[in-house]
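Worksheet for the structure shown next.
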Amino acid sequence: MAIPKVMGTEIEYGITVKNDRDFDPISSCVLLVNAYREEHAGKILWDYDQENPLADARGFQVDGEKYTPNQQENIARNKTLENGARYYVDHAHPEYSCPEVTNPHDLVVHEKAGERIVEFSRREANTLLPDGAQMLIYKNNSDRKGNSYGCHENYLMDRRTSFKQIAEHLMPFFVSRQVYSGAGKVGTENRAQPCDFQLSQRADFFETEIALDTMVKRPIINTRDEPHADREKYRRLHVIVGDANMSEYAIYLRNGVTAIVLSMIEDGTITRDLTLHDPVRAIKEVSHDSTCTAAIELQNGKRMTAVQMQRSFLEMAEDYSRTRETESWTRDILDKWAFVLDALERDPRELSGKIDWVIKKVMIEHFMDRKGIDWESPRVQMLDLQYHDLRPDKGLYYLLERQGKVERIVTDGEITKAITEPPEDTRAYFRGQCLKRYGAEVFGVNWDSISFGIGEDPIKRVLMAEPLKGSRAHVEELLEQSQTAADLVKNLRA
Amino acid sequence: MVQKTAAPVNPLDAELLSFAMAAESSQKQKSKGGGGGESAESGKGPQKLAKKGEELKEEMDALVDEIDEVLEENAEEFVKNYVQRGGE
């Protein structure tokens, strides 16, 4: 029986400062992240002791230096938020890792809350910049000059499922899901064959099938084995192949469908062999074909379009949901998945109010028609970039959203609440509540632990190895009975 | 560090709320159409269709104008200068 698919996303944003000749991305990121100030976030450490990004899911440990910043740098770069999220500086990008959620609806809510938090701190940071300078943030994945930054999805998986099995079935799934999860991009880069417009921001950057690295020779399937939970029981599948989506519909579908397919892999119900002849080449072939009709070569010599591959997964998922007990949200995801595949087969333009690459492409084409310009125009490249702009008044996605031209999945009320409130059904609730209630005594945080510095006592670390424990139902009474952090630690021991 | 001068954040700040409300009011307009290919009006005779097409074109033209208004002015310079370090 598949385990619940606890999930989350990590979004790295693009950052620049307009009218600043000395723009430095790292100090701009530090400025940005520190401009968002919750009461105690200014002194809480990110607990690097628990991290091991060099463990490989194929069962070995890679040599390399583990990054551990000194205390001052740690605090300057890391903010743990009361909603359970981590907001921090990752290399030269601001990054928002949303709290753990249990379903794709909440995932949309919390990923969108992240956009608002980053935008809010952008505005605060701007007040500290010299006159005329303006910080700008983009939720995309490429500067179109060969530099990419990621949008990573994480899914809790059963350790008993072998990584080999996971990788085998995921490869054709990831290569083909771009047809609805792509965020769209004008042109190509990283030495890819030229084309006017492609489905994905990221496809051009994948150079190998399976590997641990995320920065050079990027793999379609990443093997990082850092469960942030009980490693005897769980894996955290770290998905690096996705795009940073603006569309709620695309985020919802991306995470929902992927979670269903992962459950099917755990339950051994992927019965069709869709192994690709050359995945690294195929991921670009799919991305570069905005008619969605390119036939991709399978290992068995047959050819299928990406939509047909997805249809094959959908058919297996329909069988799966008929014969097993599945999550309550499964039906809605399957219906939307089917709707999108049908539309892609008829005419992708039918999805111009739903999924990013089509929304963006149709918008650009109208603009080009009206202005008599072509794909080479800098204004077209600007449209692509500005689609991802986080400013509500300038961002083109938000403009379309405001005009009711894109379909919503969640409400603004839900998003506003998620800016300050953690999800209630995972350990993120405990993390967030501890920050709200005992923030002054929180010493350090990681996904699977929270430690307290109480008076002169040694630091007390509370482990959270079970992502579904620490939910409201589970700990509300405990929290109510603990006036102080000392009470909490005492009550936990009792 | 730089954070000294930044005021503490109240995320329920009025400015943020106005952002949320602007989007909320747009939700109510959703039934008016836009979206893609799901209009209820289609199939009611060629005249209506032509009218619908005209309306759609007007709507798209208005959208292009609005985009044009907010689009970064110095596009060529701007996209040239937008250079990021690789991440992840």
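Labels for the structure tokens follow display order: chains A, B, ..., residues from 1 in each chain, ligands from 1.
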- request: Please return as a ChimeraX atom specification: the residues of region 160-341 of chain A that backbone DSSP assigns to alpha helix (DSSP H).
  value: /A:163-181,248-266,279-287,306-323,330-341
Got time to write the residues from that selection, C-alpha atoms, as an mmCIF file, in the first residue's frame?
```
data_model
loop_
_atom_site.group_PDB
_atom_site.id
_atom_site.type_symbol
_atom_site.label_atom_id
_atom_site.label_comp_id
_atom_site.auth_asym_id
_atom_site.auth_seq_id
_atom_site.Cartn_x
_atom_site.Cartn_y
_atom_site.Cartn_z
ATOM 1 C CA PHE A 163 15.366 3.582 -6.550
ATOM 2 C CA LYS A 164 15.959 1.659 -9.751
ATOM 3 C CA GLN A 165 12.220 1.011 -10.062
ATOM 4 C CA ILE A 166 11.401 4.643 -9.354
ATOM 5 C CA ALA A 167 13.867 5.911 -11.959
ATOM 6 C CA GLU A 168 12.773 3.445 -14.625
ATOM 7 C CA HIS A 169 9.118 4.492 -14.565
ATOM 8 C CA LEU A 170 9.711 8.156 -13.908
ATOM 9 C CA MET A 171 11.960 8.734 -16.880
ATOM 10 C CA PRO A 172 9.248 8.572 -19.595
ATOM 11 C CA PHE A 173 6.813 10.292 -17.223
ATOM 12 C CA PHE A 174 9.102 13.281 -16.636
ATOM 13 C CA VAL A 175 10.081 13.582 -20.283
ATOM 14 C CA SER A 176 6.412 13.728 -21.330
ATOM 15 C CA ARG A 177 4.757 15.711 -18.506
ATOM 16 C CA GLN A 178 6.205 18.950 -19.886
ATOM 17 C CA VAL A 179 3.164 19.129 -22.166
ATOM 18 C CA TYR A 180 1.216 20.518 -19.209
ATOM 19 C CA SER A 181 3.894 21.443 -16.666
ATOM 20 C CA GLU A 248 -2.221 27.519 -10.345
ATOM 21 C CA TYR A 249 -3.764 24.943 -12.652
ATOM 22 C CA ALA A 250 -0.306 23.822 -13.833
ATOM 23 C CA ILE A 251 1.113 23.635 -10.289
ATOM 24 C CA TYR A 252 -1.930 21.652 -9.142
ATOM 25 C CA LEU A 253 -1.703 19.220 -12.019
ATOM 26 C CA ARG A 254 2.106 18.908 -11.886
ATOM 27 C CA ASN A 255 2.156 17.897 -8.227
ATOM 28 C CA GLY A 256 -1.110 15.966 -8.207
ATOM 29 C CA VAL A 257 -0.333 13.783 -11.203
ATOM 30 C CA THR A 258 3.245 13.173 -10.089
ATOM 31 C CA ALA A 259 2.065 12.115 -6.617
ATOM 32 C CA ILE A 260 -0.424 9.647 -8.149
ATOM 33 C CA VAL A 261 2.224 8.152 -10.438
ATOM 34 C CA LEU A 262 4.613 7.763 -7.483
ATOM 35 C CA SER A 263 1.934 5.926 -5.497
ATOM 36 C CA MET A 264 1.414 3.639 -8.470
ATOM 37 C CA ILE A 265 5.142 2.922 -8.599
ATOM 38 C CA GLU A 266 5.098 2.041 -4.882
ATOM 39 C CA PRO A 279 15.653 10.390 -22.731
ATOM 40 C CA VAL A 280 18.116 13.298 -22.819
ATOM 41 C CA ARG A 281 17.372 13.875 -26.470
ATOM 42 C CA ALA A 282 13.659 13.185 -26.041
ATOM 43 C CA ILE A 283 13.192 15.797 -23.312
ATOM 44 C CA LYS A 284 14.318 18.455 -25.795
ATOM 45 C CA GLU A 285 12.296 17.003 -28.680
ATOM 46 C CA VAL A 286 9.143 17.207 -26.573
ATOM 47 C CA SER A 287 9.921 20.693 -25.313
ATOM 48 C CA ALA A 306 4.336 12.878 -25.302
ATOM 49 C CA VAL A 307 0.554 13.231 -25.060
ATOM 50 C CA GLN A 308 0.139 9.519 -25.874
ATOM 51 C CA MET A 309 2.701 8.631 -23.206
ATOM 52 C CA GLN A 310 0.804 10.723 -20.671
ATOM 53 C CA ARG A 311 -2.447 9.111 -21.831
ATOM 54 C CA SER A 312 -0.908 5.741 -21.151
ATOM 55 C CA PHE A 313 -0.041 6.797 -17.594
ATOM 56 C CA LEU A 314 -3.553 8.223 -17.213
ATOM 57 C CA GLU A 315 -5.168 4.943 -18.284
ATOM 58 C CA MET A 316 -3.078 3.032 -15.766
ATOM 59 C CA ALA A 317 -3.989 5.635 -13.117
ATOM 60 C CA GLU A 318 -7.712 5.225 -13.884
ATOM 61 C CA ASP A 319 -7.401 1.457 -13.356
ATOM 62 C CA TYR A 320 -5.452 2.127 -10.199
ATOM 63 C CA SER A 321 -8.077 4.452 -8.740
ATOM 64 C CA ARG A 322 -10.851 1.962 -9.560
ATOM 65 C CA THR A 323 -9.196 -0.894 -7.734
ATOM 66 C CA THR A 330 -7.343 11.856 -6.895
ATOM 67 C CA ARG A 331 -10.600 12.079 -8.895
ATOM 68 C CA ASP A 332 -10.286 15.794 -9.555
ATOM 69 C CA ILE A 333 -6.673 15.450 -10.671
ATOM 70 C CA LEU A 334 -7.539 12.567 -13.022
ATOM 71 C CA ASP A 335 -10.386 14.589 -14.555
ATOM 72 C CA LYS A 336 -8.232 17.646 -15.142
ATOM 73 C CA TRP A 337 -5.392 15.504 -16.473
ATOM 74 C CA ALA A 338 -7.779 13.895 -18.982
ATOM 75 C CA PHE A 339 -9.244 17.276 -19.935
ATOM 76 C CA VAL A 340 -5.793 18.694 -20.633
ATOM 77 C CA LEU A 341 -4.633 15.716 -22.692
#
```
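For region 75-86 of chain B, the set of protein, DNA and RNA residues having any atom at most 6 Å away, when counting only C-alpha atoms and skipping those fewer than 4 positions along the same chain, is Asp143, Asn147, Ser148, Tyr149, Pro378, Arg379 and Met382 of chain A.
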Counting only C-alpha atoms, which residues in chain A sit no more than 7 Å from chain B? For each one, give the nearest pair of atoms and the distance in Å, sorted by chain then residue number, as CSV.
```
residue,atom,partner,partner_atom,distance
A:Gly14,CA,B:Gln84,CA,6.9
A:Leu31,CA,B:Val2,CA,6.0
A:Asn34,CA,B:Gln3,CA,5.4
A:Ala35,CA,B:Ala6,CA,5.8
A:Tyr36,CA,B:Val9,CA,6.1
A:Arg37,CA,B:Pro8,CA,5.0
A:Glu38,CA,B:Val9,CA,6.2
A:His91,CA,B:Gly87,CA,6.5
A:Ala92,CA,B:Arg85,CA,6.4
A:His93,CA,B:Gly87,CA,6.8
A:Glu124,CA,B:Ala6,CA,6.8
A:Asp143,CA,B:Val83,CA,5.6
A:Asn147,CA,B:Gly86,CA,4.8
A:Ser148,CA,B:Gly86,CA,4.9
A:Tyr149,CA,B:Gly87,CA,4.2
A:Gly150,CA,B:Glu88,CA,5.6
A:Thr214,CA,B:Glu88,CA,5.9
A:Met215,CA,B:Glu88,CA,5.9
A:Glu350,CA,B:Gly36,CA,4.9
A:Leu351,CA,B:Gly36,CA,5.7
A:Ser352,CA,B:Gly36,CA,5.0
A:Gly353,CA,B:Gly35,CA,4.0
A:Phe367,CA,B:Val64,CA,5.7
A:Pro378,CA,B:Glu76,CA,4.9
A:Arg379,CA,B:Ala75,CA,5.4
A:Gln381,CA,B:Val79,CA,7.0
A:Met382,CA,B:Ala75,CA,5.8
A:Pro392,CA,B:Phe19,CA,6.8
A:Lys394,CA,B:Val70,CA,5.6
A:Glu401,CA,B:Ala23,CA,6.8
A:Arg402,CA,B:Ser26,CA,4.8
A:Gln403,CA,B:Ser26,CA,5.5
A:Gly404,CA,B:Lys30,CA,4.7
A:Lys405,CA,B:Gly35,CA,4.9
A:Val406,CA,B:Gly35,CA,5.7
A:Glu407,CA,B:Gly35,CA,6.9
A:Asp412,CA,B:Ala20,CA,5.7
```
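Between CA of Gln201 (chain A) and CA of Val186 (chain A) the separation is 8.7 Å.
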field: DSSP-assigned strand (DSSP E or B) members of region 66-292 of chain A, reported as JSON, numbers by chain
entry: {"A": [78, 79, 80, 86, 87, 88, 89, 90, 93, 94, 95, 96, 97, 101, 134, 135, 136, 137, 138, 142, 148, 151, 152, 153, 154, 155, 156, 157, 158, 185, 186, 197, 198, 206, 207, 208, 209, 210, 211, 218, 219, 220, 221, 222, 224, 234, 235, 236, 237, 238, 239, 276]}
task: Work out how far CA of Val33 (chain A) is from CA of Ser121 (chain A), in Å to one decimal.
output: 6.8 Å
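If you count only C-alpha atoms and ignore residues fewer than 5 places along the chain from Asp20 (chain A), what sits within 10 Å of it is Leu129, Pro130, Asp131, Gly132, Ala133, Gln134 and Met135 of chain A.
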Given the selection you just returned, output its residues as a file containing N, CA and C atoms, formatted as a PDB file, in the first residue's frame.
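Saved as again-v5.pdb:
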```
ATOM      1  N   LEU A 129      17.305  50.662  -0.976  1.00  0.00           N
ATOM      2  CA  LEU A 129      18.227  50.831  -2.113  1.00  0.00           C
ATOM      3  C   LEU A 129      18.390  52.316  -2.442  1.00  0.00           C
ATOM      4  N   PRO A 130      19.506  52.679  -3.090  1.00  0.00           N
ATOM      5  CA  PRO A 130      19.696  54.071  -3.502  1.00  0.00           C
ATOM      6  C   PRO A 130      18.571  54.519  -4.434  1.00  0.00           C
ATOM      7  N   ASP A 131      18.311  55.812  -4.477  1.00  0.00           N
ATOM      8  CA  ASP A 131      17.267  56.355  -5.350  1.00  0.00           C
ATOM      9  C   ASP A 131      17.459  55.885  -6.779  1.00  0.00           C
ATOM     10  N   GLY A 132      16.357  55.500  -7.407  1.00  0.00           N
ATOM     11  CA  GLY A 132      16.433  55.095  -8.800  1.00  0.00           C
ATOM     12  C   GLY A 132      16.688  53.611  -8.986  1.00  0.00           C
ATOM     13  N   ALA A 133      17.333  52.979  -8.016  1.00  0.00           N
ATOM     14  CA  ALA A 133      17.581  51.543  -8.122  1.00  0.00           C
ATOM     15  C   ALA A 133      16.323  50.778  -7.724  1.00  0.00           C
ATOM     16  N   GLN A 134      16.080  49.679  -8.407  1.00  0.00           N
ATOM     17  CA  GLN A 134      14.876  48.901  -8.095  1.00  0.00           C
ATOM     18  C   GLN A 134      15.164  47.410  -8.205  1.00  0.00           C
ATOM     19  N   MET A 135      14.884  46.691  -7.131  1.00  0.00           N
ATOM     20  CA  MET A 135      15.074  45.245  -7.163  1.00  0.00           C
ATOM     21  C   MET A 135      13.892  44.594  -7.881  1.00  0.00           C
TER      22      MET A 135
END
```
